[in-house]
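Notes to accompany the following structure.
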Amino acid sequence: MMDYRARYISVKETIEQDQQRDAYSSEDEGDLFECVLHITSSNTVTGQSERIHPMDVQMAVFHCADGFLKQLMVTKLSQCQYALPLLVPDPFTKQIEFPLWTFRQINKSWKMRNTNNEIISKSQPIYKAQTPMVFFFRFRSVSSSKSQLMNSLINEKHNTFFHRNCPCSSRTRVLMDGVVEIAWFCPSGKNTDKLTDCVAFCNLHGDAGDHEKQLQILTEMASVIVVLLPQLDKNDRSAAMMNNLFGNKKPLICLFTEDEFTVMKMKKRKFKIGLKYRNQSDVSVELRRTINECLSETSSSFRLEDVSKHSDIKVDEEDDDSRRGRAAAQQMMSLLENKDLTKIKELFLPSQGKLWHQWNQMNKELHRPKGEEIKMEISTKTIEMNKIREKQHESDMSEFMKIFIKEMNSQNEHGKMFFLKWLRILLDEHTSSDLSALLHKYDKAWSAVLKLKDSSNKSEQHKAKQTELEKISEELQAATFGLEHIIREIGQIYESCSSVKKNKKDLQVHFSSLPSLAAEMMISGFPLELMDGDAAHVPLIWISAVLDQLIQKLGDQRVFVLSVLGIQSSGKSTMLNAMFGLEFAVSAGRCTRGAFMQLVRVSDEMKEQLKFDYILVVDTEGLRALKLSGRSTRHHDNELATFVVGIGNLTLINIFGENPSEMQDILQIVVQAFMRMKKVNLTPSCVFVHQNVSDVTAGEKNMEGRRRLQETLNEMTKLAAKDEVCDAECFSDVIRFDVQKDVKYFAHLWEGSSLMSPPNPDYCENIQELKESIISHAAKSHRIMLKDFTVRVEDLWKALLSERFVFSFRNSLEISAYRKLETEYSKWSWSLRSAMMETEIKLHNKIENEVIHEVEKNYLETELKKTSEEVKKSMSEFFEKDKDKYILIQWKTSFEIKIKELQGNIVSDTQKKLNEVLKQRVLKKEIDAQRTHREDTLYEKSKELALELKYKNNNEETLKKEFDFFWEQWIKKIITDTPPIKNIDIMRDVREILRDIYGSVSVDHWRESNEYNVITVQSYSEYVQLKRPSGFVKNVVRSAKEVFGFGPLSKEDEDQIRSFVTDVVHQTDEEIQSFNISKMGYNISCIQKLTGYIKRRVTEHQKEQVKYVFKNEFFMELVLSICERAKQLITDQHRRFREANDPVIYVEKKREEYYSIFQKYCHGATSAAICGEIICQKLKEPIEQSVYKKTARDLANEMRTECSSLKGNRLKLEKHILETLAEEEDFDKYMKYIHEPRDHFKSFIRDEVSQYITDKFSVSVLPKMKENIEVLQQKIMEAAHQSTEHVQEKSGDVGLWLQSFTQRLSDELIFSENDLSGVKHDDVDFKLLEDVMRKELDHVISISDSCFNTNTLNEKLDLKFRPDELLFSHFCQCCWVQCPFCGAFCTSIIENHPGDHSVPFHRVNGIKGWTYYQTDELCADFCTTLVTSRKKFRVSDKWFPCNDYRSAEGDYEKWDITPDPHGLPYWKWFVCTFQENLENRYNKKFKGDGEIPGDWKVNKQDAIQSLNKMIVTN
């Protein structure tokens, strides 16, 4: 802010005593004179002591400030056209200080007329300016105000020097006596100028007789001396001084305050003027005339820097840090001496010159390929760009840059600031005069071009002048040299070193430390170039690195991004500088080029209100900047506007005046930029600022202006909508905009038109109003983190590099937020599934125990309710508290619906599975009854034998022989009575069924293995016949060529069949699991059901709108392939059924248990002992099953948080899969991943689980098993104890005890009363039974413990309960739709998700066998590059352009393929590594159009590293 009225704010001292108020009330009686005198006497002292002199306030702050704040203060005072402190005595030591440092940033401009009456412009740093100096001082106290008189000479309308009659002045002042202030009069080159040249005016405050040192210095340096005194008095101490001045040759003007005469010349160069009773205006005229006369007769001049040559004064630049910084800056500047200004950037900053511009041009061409051979064009460009980077890297680093980097790394923080300030000051000084001359030259040439353009003469002269203008423009661009160019050079050094991955020669520090220097400068308040103004390019690598360093130093702070747009020289930078006290370049010849950003720290108090830590202000070059650019501006302006609007939370649209034509041009650009933001789902806001409006207070006029603006915006919206193909009728369709609140009118910046005019207070008020409006927007706006800002800059610039912004824009912040939401969704869905799995197991146990006979949906929903509420709460907190909540809100409703649907699906699926268990339970009853009968009979027979031998004197050996004989006889009987369950041959059954279906066709020739697999076959051409329009069928000829070389079937037909096969395979997998073979056993009906299902699906598919019918071979191959695939699973499940139900195998496993009980009978054990052992032996297998299931669930939960590959979402899992594939380099596994992704995922998860169990067995798996078995043991004993209490209470028998016991465990174990039907004992001591069970249970559990190993879960558990199956069902219930071009599958974790399918990185199309049309050349393009090209692809005999792929409809229109000219290095490495394998597999070659570019050869480590790009970090 630059409101000069701030000096007039009243400041009062707080006096700690009661103030006398209202000494006499209105009701009091008294004399008028007495009353007046009383009040006057009581308030005189108090009133004076309360008010502090404004200049004392200024000087107090000045004395307390450090060098940088002093410099800022003086710069602001100069901008306000106030006098500046020149000589300042220390309030305590009286040491005089000359604050030269404070003047270093001040430039003054003025205009004069030369002898030819031509106006000459001058602009100089004020400390260098050689000007006359008029010195004013006084002796003794005078009645007239010296400062007021000086103001009348400089600017009658403005109090340049504070005087006694200014508002808030007081008689007493403490800190101003002895202070010398200086101000400059700068003429405007007009006839009305009071002085014809720039003149300095110095003012010594106080009695000059008391400040002899200041008087001596200034009288020596003055061109004209003006002294005020009451009268001459020979006896006064000033008499001698006056005589010396009178005898001096310097012009002297004496102003006598007590005399009345007009101007009188006493002798040559000596004048006197009386002031008493004189009109102030008359005196000013006489004095000005006299000073002009004196100045015309003297050639002496004053230079600010020369003041420092005087001894006995302290110069503020003598500080050690300042001296060191200046010395280093001067050392750098010495290198620029005698160098052509237009050549110094080329000499000293080589990295940002032609090489950088060539690299930029190629980068744009890389993103906008024109030819047909895209990949080779991209490869060539990439290689050339790398060579340019190498040239940049190899170029010698100038001594100039070496010194800069050395100083930035060696100085302390204070020293760095001085060094940078000095360097900027000296650079401005070095370039200002040449730039002024060039600008003057440019203006003349520009005027000449305009003159010729307006005339009818379009001759060669016009072309010559235009060429001259362009040449001067290039010189201006080359001659502009500032701190920003040095930092730009460092940025290019960093980018070139990053590209070649090694340090630059002569670089004293490692290149990785360079971004830290720029980050420190940003923190210190220096702007950073965001977009290179000369190259019109964003150096992404450099900017990202600097912002990363900024985050490291400050933390990932919350920022509000404020950007500005407007035409050139419309006051954008000035407005931002005034609003936030920034340092964007505003001096002549230094128009902003490109874009700069600067941090503004938010105060702690405001942070609470705004919820931001910093405001990041982005200043930009002017739109329609024809003068300095020399380049086509329309495209550049659109690019710049889109970029600036996109990165900003709020954009200020700066319009200079109310010129309709200028407004129309800028508004069309702005509206188009906002329209693009709407189409890519970004929602910035804007405020329009009309600068330089003549009457901002006229309400009606402003209303009319707003109405016109609204109409213009609506008109521009309609025009822009045509360009952007967008349905918008008015501006409010594009962005939220309130024409009443979001349009601001600004007064003129200056309070007048002369160069001496101060800033307009109305402008300052307008600035404050705008600032409040911005704060209001900020408070309502969503925050963006610095890290997010980095990503947004990258996204916008990458999209702008492409010619189609909306098509190319990739909103990484939105993608990152969505990925985070997917990860959370994965956790929520896992919680629901995990909770339902627990309920499912509990109900499964109850069904097996025949406790329940139906499963109600309401019960399942109730069981899930608690977890459902927790998930709902977690979702609510996530959407409300996450840092990206403003992005996430768009998906809140859809994900709430998805979770609700998921809950419904989980409940329905569980009910379906449990109902199937109920059905199978009925069918399984007979099997279980037979087994139970055999067991009971065996118990009874062994008991009878034991009772026979009980009273005989038999030793253990005899008992063993008797039992073994009995056992052998019993096994023989079982074999005789019950046929054993045989091993199975699934493929034999399959062939038998196929023979029944196709009796005339031999199926014996089909292979036993999956050597030929219809699931993974490359083409289905041999399996189909094409339909003819007439209804006849045409045999397919394999040699025919179709779209991209897929053979006789079109690519969409091939994809359609492959998708059909994949779905059939997936559904048959589920069908096989539903057979529950491990419980129900296998018979040929399982294959019959599978075959019937496959036949039905094939028939249904052929009835759809397809162009082919399947041959019989297809159906047979599909059945064989599916059954071959499921053979191992079915065989394993049948083996488990056989082990559990084959009477011989099962009974043989129980031999030791029976023998133990037999021994107890023989030895006369109690009923309780025998009963307890039988119960514990029966509990062994149910205990193990329960422990395995619980451990499997616990392991799955643990791996979701601990296993790196399984603890994220599906995308992270795929990243780990690809890393593993690369490490193993197994081509067959790659093919399975590419062609059978679901199966490969399953295999990978199985391997990960197996490895995890192996690695963590002793530290995690075994402890879990033991913990679970201990918990279960405790529950069993609790059930036994509670059953005993129940029986005693009911006076029941052992039957009641068993009933109670099994019911209490029905949730935990598959263990029913039927399992204990043979346990019938009378007179059981239940207390003893508990003790026996406790002991026997320990024994049973110790045996189980000893059996635990890494394979236990796989061997003992049903497939559906294994941890890998639990994890697979969680991860793979997602979208498996494949990209119609490259086959990469959609990474959404939600099946049937809303919106388009997408994948972070696509593959090379040739990986799936794509070839170019009618060739055997494998395609070596990424679909992400194809979609930017003019190439065409064919669907249903129609050709479609790749860059409009959605027009092909079908699968194509459902995919969002973001253009990317580079492609993922991982797949480049894969193609290069397995080129021969791919060629052999598809019997085609990477040649011709499919030749692999040379730059695709990357090493494996870099390939794996590139996968990190798949994961957009939060």
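FYI, nothing fancy with the structure tokens labels: chains A, B, ... in order, residues from 1 per chain, ligands from 1 as they appear.
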* To do: Write out as a ChimeraX atom specification each polymer residue whose atoms come within 10 Å of Tyr886 of chain A, counting only C-alpha atoms; drop sequence neighbours fewer than 2 positions from it.
  => /A:781-784,817,879-884,888-890
key: Contact residues around Leu528 of chain A with only C-alpha atoms at 9 Å, ignoring same-chain residues under 4 positions, as a ChimeraX atom specification   = /A:484,487-488,518-519,521-522,543,595-598
Resulting file, chosen residues, all heavy atoms, as a short mmCIF file (atom, residue, chain, number, x, y, z; two decimals), in the first residue's frame:
data_model
loop_
_atom_site.label_atom_id
_atom_site.label_comp_id
_atom_site.auth_asym_id
_atom_site.auth_seq_id
_atom_site.Cartn_x
_atom_site.Cartn_y
_atom_site.Cartn_z
N GLU A 484 16.69 -12.41 -12.58
CA GLU A 484 15.87 -13.53 -13.05
C GLU A 484 16.59 -14.33 -14.13
O GLU A 484 16.41 -15.55 -14.25
CB GLU A 484 14.51 -13.05 -13.56
CG GLU A 484 14.53 -12.20 -14.81
CD GLU A 484 14.66 -10.70 -14.52
OE1 GLU A 484 15.18 -10.34 -13.44
OE2 GLU A 484 14.26 -9.90 -15.39
N ILE A 487 19.09 -16.69 -12.40
CA ILE A 487 18.40 -17.85 -11.83
C ILE A 487 17.93 -18.78 -12.94
O ILE A 487 17.96 -20.00 -12.81
CB ILE A 487 17.21 -17.40 -10.96
CG1 ILE A 487 17.69 -16.47 -9.84
CG2 ILE A 487 16.50 -18.60 -10.36
CD1 ILE A 487 18.76 -17.05 -8.95
N ARG A 488 17.53 -18.19 -14.06
CA ARG A 488 17.13 -19.02 -15.21
C ARG A 488 18.31 -19.86 -15.69
O ARG A 488 18.14 -21.04 -16.02
CB ARG A 488 16.65 -18.13 -16.35
CG ARG A 488 16.09 -18.88 -17.53
CD ARG A 488 15.90 -17.98 -18.74
NE ARG A 488 14.89 -16.95 -18.50
CZ ARG A 488 14.66 -15.94 -19.33
NH1 ARG A 488 15.39 -15.82 -20.43
NH2 ARG A 488 13.73 -15.05 -19.06
N ALA A 518 17.38 -21.39 -5.07
CA ALA A 518 16.20 -20.67 -5.54
C ALA A 518 15.08 -20.70 -4.51
O ALA A 518 14.36 -19.71 -4.33
CB ALA A 518 15.72 -21.27 -6.86
N ALA A 519 14.94 -21.83 -3.81
CA ALA A 519 13.91 -21.94 -2.78
C ALA A 519 14.18 -20.95 -1.65
O ALA A 519 13.26 -20.29 -1.14
CB ALA A 519 13.86 -23.37 -2.24
N MET A 521 15.76 -18.15 -1.93
CA MET A 521 15.45 -16.81 -2.45
C MET A 521 13.95 -16.54 -2.40
O MET A 521 13.53 -15.43 -2.05
CB MET A 521 15.97 -16.68 -3.88
CG MET A 521 17.48 -16.58 -3.98
SD MET A 521 18.07 -16.47 -5.69
CE MET A 521 17.39 -14.89 -6.20
N MET A 522 13.15 -17.54 -2.74
CA MET A 522 11.70 -17.36 -2.66
C MET A 522 11.26 -17.08 -1.23
O MET A 522 10.42 -16.20 -0.98
CB MET A 522 10.98 -18.61 -3.17
CG MET A 522 10.84 -18.69 -4.66
SD MET A 522 9.62 -19.94 -5.16
CE MET A 522 8.08 -19.08 -4.85
N ILE A 543 11.41 -26.12 -12.05
CA ILE A 543 10.35 -25.58 -11.19
C ILE A 543 9.91 -26.62 -10.17
O ILE A 543 9.74 -26.32 -8.98
CB ILE A 543 9.14 -25.12 -12.05
CG1 ILE A 543 9.53 -23.91 -12.92
CG2 ILE A 543 7.95 -24.78 -11.17
CD1 ILE A 543 9.93 -22.67 -12.14
N ALA A 595 6.04 -15.49 -16.69
CA ALA A 595 5.28 -15.45 -15.43
C ALA A 595 6.23 -15.63 -14.26
O ALA A 595 7.19 -16.41 -14.34
CB ALA A 595 4.21 -16.55 -15.43
N PHE A 596 5.97 -14.89 -13.20
CA PHE A 596 6.78 -14.97 -11.98
C PHE A 596 5.86 -15.28 -10.81
O PHE A 596 4.69 -14.87 -10.79
CB PHE A 596 7.51 -13.65 -11.72
CG PHE A 596 8.65 -13.40 -12.66
CD1 PHE A 596 8.42 -12.89 -13.92
CD2 PHE A 596 9.95 -13.69 -12.28
CE1 PHE A 596 9.47 -12.66 -14.80
CE2 PHE A 596 11.00 -13.47 -13.14
CZ PHE A 596 10.77 -12.95 -14.40
N MET A 597 6.41 -15.97 -9.83
CA MET A 597 5.61 -16.25 -8.63
C MET A 597 6.39 -15.80 -7.39
O MET A 597 7.61 -15.90 -7.34
CB MET A 597 5.25 -17.73 -8.54
CG MET A 597 6.42 -18.68 -8.53
SD MET A 597 5.85 -20.40 -8.52
CE MET A 597 7.41 -21.28 -8.64
N GLN A 598 5.64 -15.33 -6.41
CA GLN A 598 6.26 -14.84 -5.18
C GLN A 598 5.37 -15.22 -3.99
O GLN A 598 4.15 -15.17 -4.07
CB GLN A 598 6.45 -13.33 -5.24
CG GLN A 598 7.31 -12.78 -4.10
CD GLN A 598 7.76 -11.35 -4.35
OE1 GLN A 598 7.63 -10.84 -5.46
NE2 GLN A 598 8.26 -10.68 -3.34
#
Val1404 of chain A proximity check over A:Arg5, A:Lys375, A:Lys857, A:Lys1431, using only C-alpha atoms: winner is A:Lys375
What does the distance between atom CA of Phe1486 of chain A and atom CA of Lys1432 of chain A come to in Å, to one decimal place?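 Atom CA of Lys1432 of chain A lies at a distance of 19.5 Å from atom CA of Phe1486 of chain A.
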Report task. Using only C-alpha atoms, determine which residues lie at most 8 Å from Gln691 of chain A, disregarding the query and same-chain residues fewer than 4 positions distant; provide the list as a ChimeraX atom specification. Result -> /A:570-571,654-657,745-748
Name the residues of segment 1227-1323 of chain A that come out as alpha helix (DSSP H) in a backbone DSSP run; write them as number ranges by chain. A: 1227-1235, 1237-1256, 1262-1290, 1294-1304
Residues near Cys1442 of chain A, cut-off 7 Å, only C-alpha atoms, skip fewer than 5 positions along chain, as a list in words: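 Once the nearby chain positions are removed, what remains is Leu1426, Val1427, Ser1429, Arg1430, Lys1431, Lys1432 and Phe1433 of chain A.
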Check the smallest atom-to-atom distance from each of A:Leu800, A:Gln557, A:Met1333, A:Ile735 to Thr642 of chain A using only C-alpha atoms, then report the winner.
->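 Checking each candidate against Thr642 of chain A, we get A:Leu800 as the closest.
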**OP:** Can you pull out every residue within 12 Å of His367 of chain A, counting only C-alpha atoms, but drop anything in the same chain fewer than 2 positions away, and send it as a ChimeraX atom specification?
**Re:** /A:360-365,369-370,374-375,377-379,381-382,797-805,808,1424-1429,1459-1463
Near Leu918 of chain A, within 10 Å and counting only C-alpha atoms, which residues show up once chain neighbours fewer than 3 positions away are dropped, as a list in words? His844, Ile847, Glu848, Glu850, Ile852, His853, Glu854, Val855, Lys912, Lys913, Leu914, Asn915, Arg921, Val922, Leu923 and Lys924 of chain A
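Excluding Ser436 of chain A and any residue on its chain fewer than 3 positions from it, the residues at most 9 Å away by only C-alpha atoms are Ser121, Lys122, Ser123, Thr431, Ser432, Ser433, Leu439, His440, Lys441, Ala588 and Gly589 of chain A.
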* Of the candidates A:Gln1475, A:Val1377, A:Trp1439, A:Lys1150, which shows the shortest atom-to-atom distance to Lys1454 of chain A, using only C-alpha atoms? ->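 Once distances to Lys1454 of chain A are computed over only C-alpha atoms, the minimum belongs to A:Val1377.
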Q) Separation of atom CA of Ala464 of chain A and atom CA of Lys451 of chain A, in Å? A)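 These atoms are spaced 13.4 Å apart.
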Counting only C-alpha atoms, which residue out of A:Thr467, A:Thr1411, A:Asn1405, A:Ser398 sits closest to Phe348 of chain A?
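Closest residue, counting only C-alpha atoms: A:Ser398.
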query = Smallest atom-to-atom distance to Phe789 of chain A: which of A:Leu813, A:Ile344, A:Ala329, A:Leu1337, using only C-alpha atoms?
reply =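 Nearest to Phe789 of chain A: A:Leu813.
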Exercise. Figure out the distance between atom CA of Leu1329 of chain A and atom CA of Gln1177 of chain A, please, to one decimal in Å.
Key: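 The value is 13.9 Å.
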